[in-house]
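Below is one structure, written out as structure tokens; the observations come after it.
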Amino acid sequence: MATKILVTGGTGYIGSHTTVELQNAGYEVVIIDNLSNSNIEVLDGIEAITGKRPEFMEGDITDMNTVRELFTRFPGIKGIINFAASKAVGESVQKPLLYYRNNLVGLLNLLEAMPEFGVEGIVFSSSCTVYGEPDVNPIDETAPIKPATSPYGNTKQISEEIITDFIHSGAPIKSILLRYFNPVGAHPSSLIGELPNGVPNNLIPYLTQAAAGIRKELTVFGDDYNTPDGSCIRDFIDVVDLAKAHVTAMRRMLDKKDTDPVEIFNLGTGRGLSVLELIESFERSTGVKVPYKIGARREGDIEKIWAEPTKANTVLGWKAEVPIDDTMRNAWAWQCRLGKK
Ligand code: NAD
Ligand code: UFG
């Protein structure tokens with residue numbers, strides 16, 4: 001019988017791509033999502049790609065009754081991937097309580113329910129934001145955690161601690177904490193992708209909307225950083241590569257008996273690309289010009305960060321593979337599907 005996995009936030013950007021990869025790998029997926037930052041049509045995209053519609057319950061994981069109802073309605077769930085969270089850094093500064101409540105109470109409810117319903121493990125979506133501005137690059141998992149610069153970032157640090165403390169207390173569960181670098185792109189089918197809400201904060205949705213004429217121009221936030229071309233450097237990782245890492249992590253967590261109960265992996269490519277290099281890659285791979293100007297630095301931005309992914313490569317047995325130009329082509333194809341001006 002197929003192993004049943006709960007994907008919270010499964011109609012969201014990374015959750016939908018991960019659901020596709022889980023189903024392709026033979027897992028049975030149950031999604032819970034409150035549709036606060038996604039829509040139900042995403043299920044059609046997942047079904048069109050995989051030939052299978054995941055089970056879906058609309059609901060909010062910050063409500064314990066809903067969580068209990070979910071595990072009762074779908075018995076036998078063995079593992080959870082917890083994507084459900086609010087993720088806008090700027091908004092978290094304006095509305096800290098909303099972020100602490102949504103990101104932490106949801107996690108607490110899942111953890112509390114896990115032993116009760118016999119769920120063996122949880123994969124958690126963390127972020128390289130926990131490293132702050134690194135002292136050295138590439139950065140590995142042993143690097144110090146820096147004080148968070150936003151309530152959002154703080155929820156990731158606290159969540160990692162909550163999970164670790166719970167397991168150290170003897171809770172009968174395992175966990176893998178995945179620290180994502182910068183997920184970008186869309187499924188090559190263009191049937192699922194990122195659905196930005198309002199004016200995008202992140203680079204790629206803004207870039208593709210500017211290329212599509214929806215925004216006048218992209219502003220590159222600063223060209224006077226201490227980097228070769230002066231713009232910030234990130235480790236942009238293709239969302240399908242990222243999704244596949246979750247399948248590998250789930251398999252390791254549930255099937256290998258001798259692993260540590262809490263493990264941490266960086267999920268990145270190991271390649272730092274500047275904002276200007278990314279624009280170049282987009283233009284080269286799509287033949288489409290990006291209207292852009294250089295603007296002031298954005299407050300709170302990290303100058304440069306990219307991953308040392310060796311632990312994920314060797315211990316987890318996963319490696320990012322999609323070339324950046326393919327990722328940019330997929331991002332553009334997805335934008336064309338969403339629409340141009
Ligand atoms: P997303 O907003 O596209 O997906 C999150 C999904 O969770 C949405 O569909 C939303 O409706 C749902 N959701 C939110 N709160 C919920 C709740 N209380 N109950 C049920 N559903 C809820 O975001 P994403 O980019 O797919 O990110 C997924 C996870 O990865 C998040 O935890 C995010 O913090 C983390 N992460 C994302 C990035 C990134 O750049 N996208 C980087 C690092 C970490
Ligand atoms: N950028 C621009 N113009 C824009 C948007 C972004 O120049 O319009 C630049 C930023 O200054 C930064 C780079 O593009 O140098 C990437 O910015 P994003 O906002 O796309 O991503 P961040 O690295 O700032 O942060 C993202 C998520 C965080 C997450 C982090 C690590 O927003 O939630 O990646 O995973 F924690």
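Numbering starts fresh at 1 for the residues of each chain in the structure tokens, the chains themselves are lettered A, B, ... in the order given, and ligands are numbered from 1 as they appear.
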At a cut-off of 9 Å and counting only C-alpha atoms and all ligand atoms, what residues surround ligand 1? Please answer as a CSV table (one decimal) with all heavy atoms, in the first residue's frame.
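Writing the result to pocket.csv gives the following:
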chain,number,residue,atom,x,y,z
A,8,THR,N,1.0,20.1,4.2
A,8,THR,CA,0.3,21.3,4.6
A,8,THR,C,0.7,22.4,3.7
A,8,THR,O,1.9,22.5,3.3
A,8,THR,CB,0.5,21.7,6.1
A,8,THR,OG1,1.8,22.3,6.1
A,8,THR,CG2,0.4,20.5,7.0
A,9,GLY,N,-0.2,23.3,3.3
A,9,GLY,CA,0.2,24.3,2.3
A,9,GLY,C,0.4,23.8,0.9
A,9,GLY,O,1.2,24.3,0.1
A,10,GLY,N,-0.2,22.7,0.6
A,10,GLY,CA,0.1,21.9,-0.6
A,10,GLY,C,-0.4,22.5,-1.9
A,10,GLY,O,0.0,22.1,-3.0
A,11,THR,N,-1.3,23.5,-1.8
A,11,THR,CA,-1.7,24.2,-3.1
A,11,THR,C,-0.8,25.4,-3.3
A,11,THR,O,-1.0,26.2,-4.3
A,11,THR,CB,-3.2,24.6,-3.1
A,11,THR,OG1,-3.5,25.2,-1.8
A,11,THR,CG2,-4.1,23.4,-3.3
A,12,GLY,N,0.1,25.7,-2.4
A,12,GLY,CA,1.1,26.8,-2.5
A,12,GLY,C,2.2,26.5,-3.5
A,12,GLY,O,2.2,25.4,-4.2
A,13,TYR,N,3.1,27.4,-3.7
A,13,TYR,CA,4.1,27.4,-4.7
A,13,TYR,C,5.0,26.1,-4.5
A,13,TYR,O,5.0,25.2,-5.4
A,13,TYR,CB,5.0,28.7,-4.6
A,13,TYR,CG,6.2,28.7,-5.5
A,13,TYR,CD1,6.2,28.3,-6.8
A,13,TYR,CD2,7.4,29.3,-5.0
A,13,TYR,CE1,7.3,28.5,-7.6
A,13,TYR,CE2,8.5,29.4,-5.8
A,13,TYR,CZ,8.4,29.0,-7.1
A,13,TYR,OH,9.6,29.1,-7.9
A,14,ILE,N,5.7,26.0,-3.4
A,14,ILE,CA,6.6,24.8,-3.3
A,14,ILE,C,5.8,23.6,-3.0
A,14,ILE,O,6.1,22.5,-3.5
A,14,ILE,CB,7.7,25.1,-2.2
A,14,ILE,CG1,8.4,26.4,-2.5
A,14,ILE,CG2,8.7,24.0,-2.1
A,14,ILE,CD1,9.3,26.9,-1.3
A,15,GLY,N,4.7,23.7,-2.2
A,15,GLY,CA,3.9,22.6,-1.9
A,15,GLY,C,3.3,21.9,-3.1
A,15,GLY,O,3.2,20.6,-3.2
A,16,SER,N,2.9,22.6,-4.1
A,16,SER,CA,2.2,22.0,-5.3
A,16,SER,C,3.3,21.2,-6.1
A,16,SER,O,3.0,20.1,-6.6
A,16,SER,CB,1.6,23.1,-6.2
A,16,SER,OG,2.5,24.1,-6.5
A,17,HIS,N,4.5,21.8,-6.2
A,17,HIS,CA,5.6,21.1,-7.0
A,17,HIS,C,6.0,19.9,-6.2
A,17,HIS,O,6.3,18.8,-6.8
A,17,HIS,CB,6.7,22.1,-7.2
A,17,HIS,CG,6.5,23.1,-8.2
A,17,HIS,ND1,5.8,24.3,-7.9
A,17,HIS,CD2,6.7,23.3,-9.5
A,17,HIS,CE1,5.6,25.1,-8.9
A,17,HIS,NE2,6.2,24.5,-10.0
A,32,ILE,N,-3.7,19.8,3.1
A,32,ILE,CA,-4.6,20.7,3.8
A,32,ILE,C,-4.1,22.1,3.5
A,32,ILE,O,-2.9,22.4,3.5
A,32,ILE,CB,-4.7,20.5,5.4
A,32,ILE,CG1,-5.7,21.5,6.0
A,32,ILE,CG2,-3.3,20.6,6.0
A,32,ILE,CD1,-6.1,21.2,7.4
A,33,ASP,N,-5.0,23.0,3.1
A,33,ASP,CA,-4.6,24.4,2.8
A,33,ASP,C,-5.8,25.3,3.1
A,33,ASP,O,-6.9,24.9,2.8
A,33,ASP,CB,-4.2,24.5,1.4
A,33,ASP,CG,-3.3,25.7,1.1
A,33,ASP,OD1,-3.7,26.9,1.4
A,33,ASP,OD2,-2.1,25.6,0.7
A,34,ASN,N,-5.6,26.5,3.7
A,34,ASN,CA,-6.7,27.4,3.9
A,34,ASN,C,-6.9,28.3,2.8
A,34,ASN,O,-7.7,29.3,2.8
A,34,ASN,CB,-6.5,28.1,5.2
A,34,ASN,CG,-5.3,29.1,5.2
A,34,ASN,OD1,-4.6,29.2,4.2
A,34,ASN,ND2,-5.1,29.7,6.3
A,35,LEU,N,-6.1,28.2,1.7
A,35,LEU,CA,-6.2,29.0,0.5
A,35,LEU,C,-6.0,30.5,0.7
A,35,LEU,O,-6.5,31.3,0.0
A,35,LEU,CB,-7.6,28.7,-0.2
A,35,LEU,CG,-7.9,27.2,-0.6
A,35,LEU,CD1,-9.2,27.1,-1.2
A,35,LEU,CD2,-6.8,26.6,-1.5
A,36,SER,N,-5.3,30.8,1.8
A,36,SER,CA,-5.0,32.2,2.1
A,36,SER,C,-4.0,32.8,1.1
A,36,SER,O,-4.0,34.0,0.8
A,36,SER,CB,-4.5,32.4,3.5
A,36,SER,OG,-3.3,31.6,3.7
A,37,ASN,N,-3.2,31.9,0.5
A,37,ASN,CA,-2.2,32.4,-0.5
A,37,ASN,C,-2.1,31.5,-1.7
A,37,ASN,O,-1.1,31.4,-2.3
A,37,ASN,CB,-0.8,32.6,0.1
A,37,ASN,CG,0.0,33.5,-0.7
A,37,ASN,OD1,-0.4,34.5,-1.3
A,37,ASN,ND2,1.3,33.3,-0.7
A,38,SER,N,-3.2,30.8,-2.1
A,38,SER,CA,-3.2,30.0,-3.2
A,38,SER,C,-4.7,29.7,-3.6
A,38,SER,O,-5.6,30.2,-2.9
A,38,SER,CB,-2.6,28.6,-2.9
A,38,SER,OG,-3.2,28.0,-1.8
A,39,ASN,N,-4.9,29.0,-4.7
A,39,ASN,CA,-6.3,28.7,-5.1
A,39,ASN,C,-6.5,27.3,-5.4
A,39,ASN,O,-5.6,26.5,-5.7
A,39,ASN,CB,-6.8,29.7,-6.1
A,39,ASN,CG,-6.1,29.5,-7.4
A,39,ASN,OD1,-6.0,28.4,-7.9
A,39,ASN,ND2,-5.5,30.6,-8.0
A,58,GLU,N,-9.9,21.7,2.8
A,58,GLU,CA,-9.7,23.2,3.0
A,58,GLU,C,-9.8,23.4,4.5
A,58,GLU,O,-10.8,23.0,5.2
A,58,GLU,CB,-10.8,24.0,2.3
A,58,GLU,CG,-10.5,25.5,2.5
A,58,GLU,CD,-11.5,26.4,1.7
A,58,GLU,OE1,-12.2,25.8,0.7
A,58,GLU,OE2,-11.6,27.6,2.0
A,59,GLY,N,-8.8,24.0,5.1
A,59,GLY,CA,-8.8,24.2,6.6
A,59,GLY,C,-7.5,24.8,7.0
A,59,GLY,O,-6.5,24.9,6.3
A,60,ASP,N,-7.6,25.3,8.3
A,60,ASP,CA,-6.5,26.1,8.8
A,60,ASP,C,-5.8,25.3,9.9
A,60,ASP,O,-6.5,24.9,10.9
A,60,ASP,CB,-7.1,27.4,9.4
A,60,ASP,CG,-6.1,28.4,9.7
A,60,ASP,OD1,-5.0,28.0,10.3
A,60,ASP,OD2,-6.3,29.6,9.4
A,61,ILE,N,-4.5,25.1,9.8
A,61,ILE,CA,-3.8,24.2,10.8
A,61,ILE,C,-3.6,24.9,12.1
A,61,ILE,O,-3.2,24.3,13.1
A,61,ILE,CB,-2.5,23.7,10.3
A,61,ILE,CG1,-1.5,24.8,9.9
A,61,ILE,CG2,-2.7,22.7,9.1
A,61,ILE,CD1,-0.1,24.3,9.8
A,62,THR,N,-3.9,26.2,12.2
A,62,THR,CA,-3.8,26.9,13.5
A,62,THR,C,-5.0,26.5,14.4
A,62,THR,O,-5.1,26.8,15.6
A,62,THR,CB,-3.7,28.4,13.4
A,62,THR,OG1,-4.9,28.9,12.8
A,62,THR,CG2,-2.5,28.8,12.6
A,63,ASP,N,-6.0,25.8,13.8
A,63,ASP,CA,-7.2,25.3,14.6
A,63,ASP,C,-7.0,23.8,14.9
A,63,ASP,O,-7.0,23.0,14.0
A,63,ASP,CB,-8.5,25.6,13.8
A,63,ASP,CG,-9.7,25.1,14.6
A,63,ASP,OD1,-9.7,25.2,15.8
A,63,ASP,OD2,-10.6,24.5,13.9
A,82,ASN,N,5.5,20.2,6.2
A,82,ASN,CA,4.8,21.4,6.7
A,82,ASN,C,5.3,22.7,5.9
A,82,ASN,O,6.2,23.4,6.3
A,82,ASN,CB,5.0,21.6,8.2
A,82,ASN,CG,4.2,22.8,8.7
A,82,ASN,OD1,3.1,23.1,8.2
A,82,ASN,ND2,4.6,23.4,9.8
A,83,PHE,N,4.5,23.0,4.9
A,83,PHE,CA,4.8,24.2,4.1
A,83,PHE,C,3.9,25.4,4.6
A,83,PHE,O,4.2,26.5,4.3
A,83,PHE,CB,4.5,24.0,2.6
A,83,PHE,CG,5.4,23.1,1.9
A,83,PHE,CD1,4.9,21.8,1.5
A,83,PHE,CD2,6.7,23.4,1.6
A,83,PHE,CE1,5.7,20.9,0.8
A,83,PHE,CE2,7.5,22.5,0.9
A,83,PHE,CZ,7.0,21.3,0.5
A,84,ALA,N,2.8,25.1,5.2
A,84,ALA,CA,1.8,26.1,5.5
A,84,ALA,C,2.4,27.2,6.5
A,84,ALA,O,2.8,26.9,7.6
A,84,ALA,CB,0.6,25.5,6.2
A,85,ALA,N,2.5,28.4,6.0
A,85,ALA,CA,3.1,29.5,6.7
A,85,ALA,C,2.8,30.8,5.9
A,85,ALA,O,2.6,30.7,4.7
A,85,ALA,CB,4.6,29.3,7.0
A,86,SER,N,2.9,31.9,6.6
A,86,SER,CA,2.9,33.2,5.9
A,86,SER,C,4.4,33.5,5.7
A,86,SER,O,5.3,33.3,6.5
A,86,SER,CB,2.3,34.3,6.8
A,86,SER,OG,1.0,33.8,7.2
A,87,LYS,N,4.7,34.1,4.5
A,87,LYS,CA,6.1,34.2,4.1
A,87,LYS,C,6.6,35.6,3.7
A,87,LYS,O,7.7,35.7,3.2
A,87,LYS,CB,6.4,33.2,3.0
A,87,LYS,CG,5.6,33.5,1.7
A,87,LYS,CD,6.2,32.7,0.6
A,87,LYS,CE,5.5,33.0,-0.7
A,87,LYS,NZ,6.0,32.4,-1.9
A,88,ALA,N,5.8,36.6,3.8
A,88,ALA,CA,6.3,37.9,3.3
A,88,ALA,C,7.0,38.7,4.4
A,88,ALA,O,6.5,39.1,5.4
A,88,ALA,CB,5.1,38.8,2.8
A,101,ARG,N,1.6,33.8,15.2
A,101,ARG,CA,0.4,32.9,15.4
A,101,ARG,C,0.3,31.9,14.2
A,101,ARG,O,0.3,30.7,14.5
A,101,ARG,CB,-0.9,33.7,15.4
A,101,ARG,CG,-2.1,32.8,15.6
A,101,ARG,CD,-3.4,33.6,15.6
A,101,ARG,NE,-3.5,34.5,16.8
A,101,ARG,CZ,-3.8,34.0,18.0
A,101,ARG,NH1,-4.1,32.8,18.2
A,101,ARG,NH2,-3.9,34.9,19.0
A,102,ASN,N,0.4,32.4,13.0
A,102,ASN,CA,0.2,31.5,11.9
A,102,ASN,C,1.3,30.4,11.8
A,102,ASN,O,1.1,29.3,11.6
A,102,ASN,CB,0.0,32.2,10.6
A,102,ASN,CG,-0.7,31.4,9.5
A,102,ASN,OD1,-1.6,30.7,9.8
A,102,ASN,ND2,-0.2,31.5,8.3
A,103,ASN,N,2.5,30.9,11.9
A,103,ASN,CA,3.7,30.0,11.6
A,103,ASN,C,4.0,29.1,12.8
A,103,ASN,O,4.5,28.0,12.6
A,103,ASN,CB,4.9,30.8,11.2
A,103,ASN,CG,4.7,31.6,9.9
A,103,ASN,OD1,3.6,31.6,9.4
A,103,ASN,ND2,5.7,32.2,9.4
A,105,VAL,N,1.7,28.5,15.8
A,105,VAL,CA,0.6,27.7,16.3
A,105,VAL,C,0.3,26.5,15.4
A,105,VAL,O,0.0,25.4,15.9
A,105,VAL,CB,-0.7,28.6,16.5
A,105,VAL,CG1,-1.9,27.8,17.0
A,105,VAL,CG2,-0.4,29.7,17.6
A,106,GLY,N,0.4,26.8,14.1
A,106,GLY,CA,0.1,25.7,13.2
A,106,GLY,C,1.1,24.5,13.4
A,106,GLY,O,0.7,23.4,13.5
A,124,PHE,N,10.3,20.0,7.7
A,124,PHE,CA,10.0,21.4,7.9
A,124,PHE,C,10.7,22.3,6.9
A,124,PHE,O,11.9,22.2,6.7
A,124,PHE,CB,10.3,21.8,9.4
A,124,PHE,CG,10.0,23.2,9.6
A,124,PHE,CD1,8.7,23.6,9.8
A,124,PHE,CD2,11.0,24.2,9.7
A,124,PHE,CE1,8.3,24.9,10.0
A,124,PHE,CE2,10.6,25.5,9.9
A,124,PHE,CZ,9.3,25.9,10.1
A,125,SER,N,9.9,23.3,6.4
A,125,SER,CA,10.4,24.3,5.5
A,125,SER,C,11.1,25.4,6.3
A,125,SER,O,10.4,26.3,6.7
A,125,SER,CB,9.3,25.0,4.7
A,125,SER,OG,8.5,24.1,4.0
A,126,SER,N,12.4,25.3,6.4
A,126,SER,CA,13.1,26.5,7.0
A,126,SER,C,13.8,27.3,5.9
A,126,SER,O,13.5,27.1,4.7
A,126,SER,CB,14.1,25.9,8.0
A,126,SER,OG,14.6,27.0,8.7
A,127,SER,N,14.7,28.1,6.2
A,127,SER,CA,15.2,29.1,5.3
A,127,SER,C,16.7,29.4,5.6
A,127,SER,O,17.1,29.4,6.8
A,127,SER,CB,14.3,30.3,5.3
A,127,SER,OG,15.0,31.4,4.7
A,128,CYS,N,17.4,29.8,4.6
A,128,CYS,CA,18.8,30.3,4.8
A,128,CYS,C,18.8,31.6,5.5
A,128,CYS,O,19.8,32.1,5.9
A,128,CYS,CB,19.5,30.4,3.5
A,128,CYS,SG,19.0,31.7,2.4
A,129,THR,N,17.6,32.2,5.7
A,129,THR,CA,17.5,33.4,6.4
A,129,THR,C,18.0,33.3,7.9
A,129,THR,O,18.4,34.2,8.5
A,129,THR,CB,16.1,34.0,6.4
A,129,THR,OG1,16.1,35.3,6.9
A,129,THR,CG2,15.1,33.2,7.2
A,152,TYR,N,9.3,37.2,10.5
A,152,TYR,CA,9.2,36.0,9.7
A,152,TYR,C,10.4,35.1,9.9
A,152,TYR,O,10.3,33.9,10.2
A,152,TYR,CB,9.1,36.4,8.2
A,152,TYR,CG,9.4,35.2,7.3
A,152,TYR,CD1,8.4,34.2,7.1
A,152,TYR,CD2,10.6,35.0,6.6
A,152,TYR,CE1,8.6,33.1,6.3
A,152,TYR,CE2,10.8,33.9,5.8
A,152,TYR,CZ,9.9,33.0,5.6
A,152,TYR,OH,10.1,31.9,4.8
A,153,GLY,N,11.6,35.7,9.8
A,153,GLY,CA,12.9,35.0,10.0
A,153,GLY,C,12.9,34.3,11.4
A,153,GLY,O,13.3,33.2,11.6
A,155,THR,N,10.3,33.3,13.1
A,155,THR,CA,9.5,32.2,13.2
A,155,THR,C,10.2,30.9,12.7
A,155,THR,O,10.0,29.8,13.2
A,155,THR,CB,8.1,32.3,12.4
A,155,THR,OG1,8.4,32.4,11.0
A,155,THR,CG2,7.3,33.5,12.9
A,156,LYS,N,11.1,31.1,11.7
A,156,LYS,CA,11.8,29.9,11.2
A,156,LYS,C,12.8,29.4,12.3
A,156,LYS,O,12.9,28.2,12.5
A,156,LYS,CB,12.5,30.2,9.9
A,156,LYS,CG,11.6,30.5,8.7
A,156,LYS,CD,10.7,29.3,8.4
A,156,LYS,CE,9.7,29.6,7.4
A,156,LYS,NZ,8.7,28.6,7.2
A,178,LEU,N,14.8,21.6,6.5
A,178,LEU,CA,15.4,21.9,5.2
A,178,LEU,C,15.5,23.4,5.1
A,178,LEU,O,14.5,24.1,5.2
A,178,LEU,CB,14.5,21.4,4.1
A,178,LEU,CG,14.3,19.8,4.0
A,178,LEU,CD1,13.4,19.4,2.9
A,178,LEU,CD2,15.7,19.1,3.9
A,179,ARG,N,16.7,23.9,5.0
A,179,ARG,CA,17.0,25.3,4.8
A,179,ARG,C,17.1,25.7,3.4
A,179,ARG,O,18.1,25.4,2.7
A,179,ARG,CB,18.2,25.7,5.6
A,179,ARG,CG,18.0,25.5,7.1
A,179,ARG,CD,19.3,25.9,7.9
A,179,ARG,NE,19.1,25.7,9.3
A,179,ARG,CZ,20.0,25.6,10.2
A,179,ARG,NH1,21.3,25.6,9.8
A,179,ARG,NH2,19.7,25.4,11.5
A,180,TYR,N,16.0,26.2,2.8
A,180,TYR,CA,16.0,26.6,1.4
A,180,TYR,C,16.8,27.9,1.2
A,180,TYR,O,16.7,28.8,2.0
A,180,TYR,CB,14.6,26.9,0.9
A,180,TYR,CG,13.5,25.9,1.2
A,180,TYR,CD1,12.1,26.3,1.2
A,180,TYR,CD2,13.7,24.6,1.5
A,180,TYR,CE1,11.1,25.5,1.5
A,180,TYR,CE2,12.7,23.7,1.8
A,180,TYR,CZ,11.4,24.2,1.8
A,180,TYR,OH,10.4,23.3,2.1
A,181,PHE,N,17.5,27.9,0.1
A,181,PHE,CA,18.0,29.2,-0.4
A,181,PHE,C,17.0,29.9,-1.2
A,181,PHE,O,15.8,30.0,-0.7
A,181,PHE,CB,19.4,28.9,-1.0
A,181,PHE,CG,20.4,28.7,0.1
A,181,PHE,CD1,20.4,27.6,0.9
A,181,PHE,CD2,21.4,29.6,0.4
A,181,PHE,CE1,21.2,27.4,2.0
A,181,PHE,CE2,22.3,29.5,1.4
A,181,PHE,CZ,22.2,28.4,2.3
A,182,ASN,N,17.2,30.3,-2.4
A,182,ASN,CA,16.1,31.1,-3.1
A,182,ASN,C,15.4,30.3,-4.2
A,182,ASN,O,15.9,30.1,-5.3
A,182,ASN,CB,16.7,32.4,-3.7
A,182,ASN,CG,17.1,33.4,-2.7
A,182,ASN,OD1,17.8,33.2,-1.8
A,182,ASN,ND2,16.4,34.6,-2.8
A,183,PRO,N,14.2,29.7,-3.9
A,183,PRO,CA,13.5,28.9,-4.8
A,183,PRO,C,12.9,29.8,-6.0
A,183,PRO,O,12.3,30.8,-5.7
A,183,PRO,CB,12.3,28.3,-4.0
A,183,PRO,CG,12.6,28.7,-2.6
A,183,PRO,CD,13.5,29.8,-2.6
A,184,VAL,N,13.1,29.4,-7.2
A,184,VAL,CA,12.6,30.1,-8.4
A,184,VAL,C,12.2,29.2,-9.5
A,184,VAL,O,12.5,28.0,-9.4
A,184,VAL,CB,13.7,31.1,-8.9
A,184,VAL,CG1,14.0,32.3,-8.0
A,184,VAL,CG2,15.0,30.4,-9.2
A,194,GLU,N,4.4,29.9,-9.5
A,194,GLU,CA,4.2,30.8,-8.3
A,194,GLU,C,3.1,31.8,-8.6
A,194,GLU,O,3.0,32.3,-9.7
A,194,GLU,CB,5.5,31.5,-8.1
A,194,GLU,CG,5.6,32.3,-6.8
A,194,GLU,CD,7.0,32.9,-6.5
A,194,GLU,OE1,7.9,32.7,-7.3
A,194,GLU,OE2,7.1,33.4,-5.4
A,195,LEU,N,2.2,32.0,-7.7
A,195,LEU,CA,1.1,32.9,-7.9
A,195,LEU,C,1.3,34.1,-7.0
A,195,LEU,O,0.9,34.1,-5.8
A,195,LEU,CB,-0.2,32.3,-7.5
A,195,LEU,CG,-0.9,31.3,-8.5
A,195,LEU,CD1,-2.1,30.7,-7.9
A,195,LEU,CD2,-1.2,32.0,-9.8
A,196,PRO,N,2.0,35.1,-7.4
A,196,PRO,CA,2.3,36.3,-6.5
A,196,PRO,C,1.0,37.0,-6.2
A,196,PRO,O,0.1,37.2,-7.1
A,196,PRO,CB,3.3,37.1,-7.3
A,196,PRO,CG,3.2,36.7,-8.7
A,196,PRO,CD,2.5,35.3,-8.8
A,202,ASN,N,9.4,39.5,-4.4
A,202,ASN,CA,10.6,38.7,-4.7
A,202,ASN,C,11.0,39.0,-6.2
A,202,ASN,O,10.2,39.5,-7.0
A,202,ASN,CB,10.3,37.2,-4.5
A,202,ASN,CG,10.0,36.9,-3.1
A,202,ASN,OD1,8.9,36.5,-2.7
A,202,ASN,ND2,11.0,37.2,-2.2
A,239,VAL,N,12.6,25.2,-8.5
A,239,VAL,CA,11.6,24.7,-7.6
A,239,VAL,C,11.4,23.2,-7.8
A,239,VAL,O,11.0,22.5,-6.8
A,239,VAL,CB,10.3,25.6,-7.7
A,239,VAL,CG1,9.7,25.4,-9.1
A,239,VAL,CG2,9.3,25.3,-6.6
Residues flagged alpha helix (DSSP H) by DSSP in range 10-196 of chain A, as number ranges by chain: A: 13-24, 42-50, 64-73, 89-94, 96-100, 106-116, 151-168
Spatial neighbours of Glu116 in chain A, 12 Å, only C-alpha atoms, chain gap at least 2 places, as an MDAnalysis selection string: chainID A and resid 67:68 71:72 75:77 109:114 118:120 171:173
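With only C-alpha atoms as the atoms that count, the minimum distance from Val136 in chain A to the choices A:Ile305, A:Ile204, A:Leu70, A:Ile324 is reached by A:Ile305.
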Surrounding residues of Arg215 in chain A excluding itself and chain neighbours under 4 positions, 12 Å, only C-alpha atoms, as a list in words: Gly198, Val199, Pro200, Pro205, Tyr206, Leu207, Thr208, Gln209, Ala210, Ala211, Thr219, Val290, Pro291, Tyr292, Lys340 and Lys341 of chain A
Okay, now the selection with C-alpha atoms, as an mmCIF file, in the first residue's frame?
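part34.cif, freshly written:
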data_model
loop_
_atom_site.group_PDB
_atom_site.id
_atom_site.type_symbol
_atom_site.label_atom_id
_atom_site.label_comp_id
_atom_site.auth_asym_id
_atom_site.auth_seq_id
_atom_site.Cartn_x
_atom_site.Cartn_y
_atom_site.Cartn_z
ATOM 1 C CA GLY A 198 -0.433 41.858 -5.556
ATOM 2 C CA VAL A 199 2.851 43.627 -6.265
ATOM 3 C CA PRO A 200 5.588 40.980 -6.000
ATOM 4 C CA PRO A 205 7.959 37.325 -10.163
ATOM 5 C CA TYR A 206 8.775 41.049 -10.404
ATOM 6 C CA LEU A 207 11.238 40.420 -13.225
ATOM 7 C CA THR A 208 8.818 38.288 -15.274
ATOM 8 C CA GLN A 209 5.991 40.800 -14.733
ATOM 9 C CA ALA A 210 8.281 43.623 -15.908
ATOM 10 C CA ALA A 211 9.270 41.560 -18.981
ATOM 11 C CA THR A 219 14.388 48.042 -9.866
ATOM 12 C CA VAL A 290 13.934 42.982 -19.026
ATOM 13 C CA PRO A 291 13.284 46.691 -18.542
ATOM 14 C CA TYR A 292 15.214 47.612 -15.416
ATOM 15 C CA LYS A 340 1.005 39.599 -20.291
ATOM 16 C CA LYS A 341 -0.167 43.176 -20.559
#
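For Thr327 in chain A, the residues within 9 Å (counting only C-alpha atoms, excluding itself and residues fewer than 5 positions away along the chain) are A:Val184, A:Gly185, A:Ala186, A:His187, A:Pro188, A:Ile237, A:Asp238, A:Val239, A:Phe282, A:Val322, A:Trp332.
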Best match for closeness to Asp241 in chain A among A:Ile40, A:Leu177, A:Ala143, A:Val20, counting only C-alpha atoms: A:Val20
Gly79 in chain A environment, 8 Å, only C-alpha atoms, sequence neighbours closer than 2 positions dropped, as an MDAnalysis selection string: chainID A and resid 4:6 77 81 119:123 250 254
Point-to-point distance from CA of Gln335 in chain A to CA of Ser189 in chain A, Å rounded to tenths: 12.3 Å
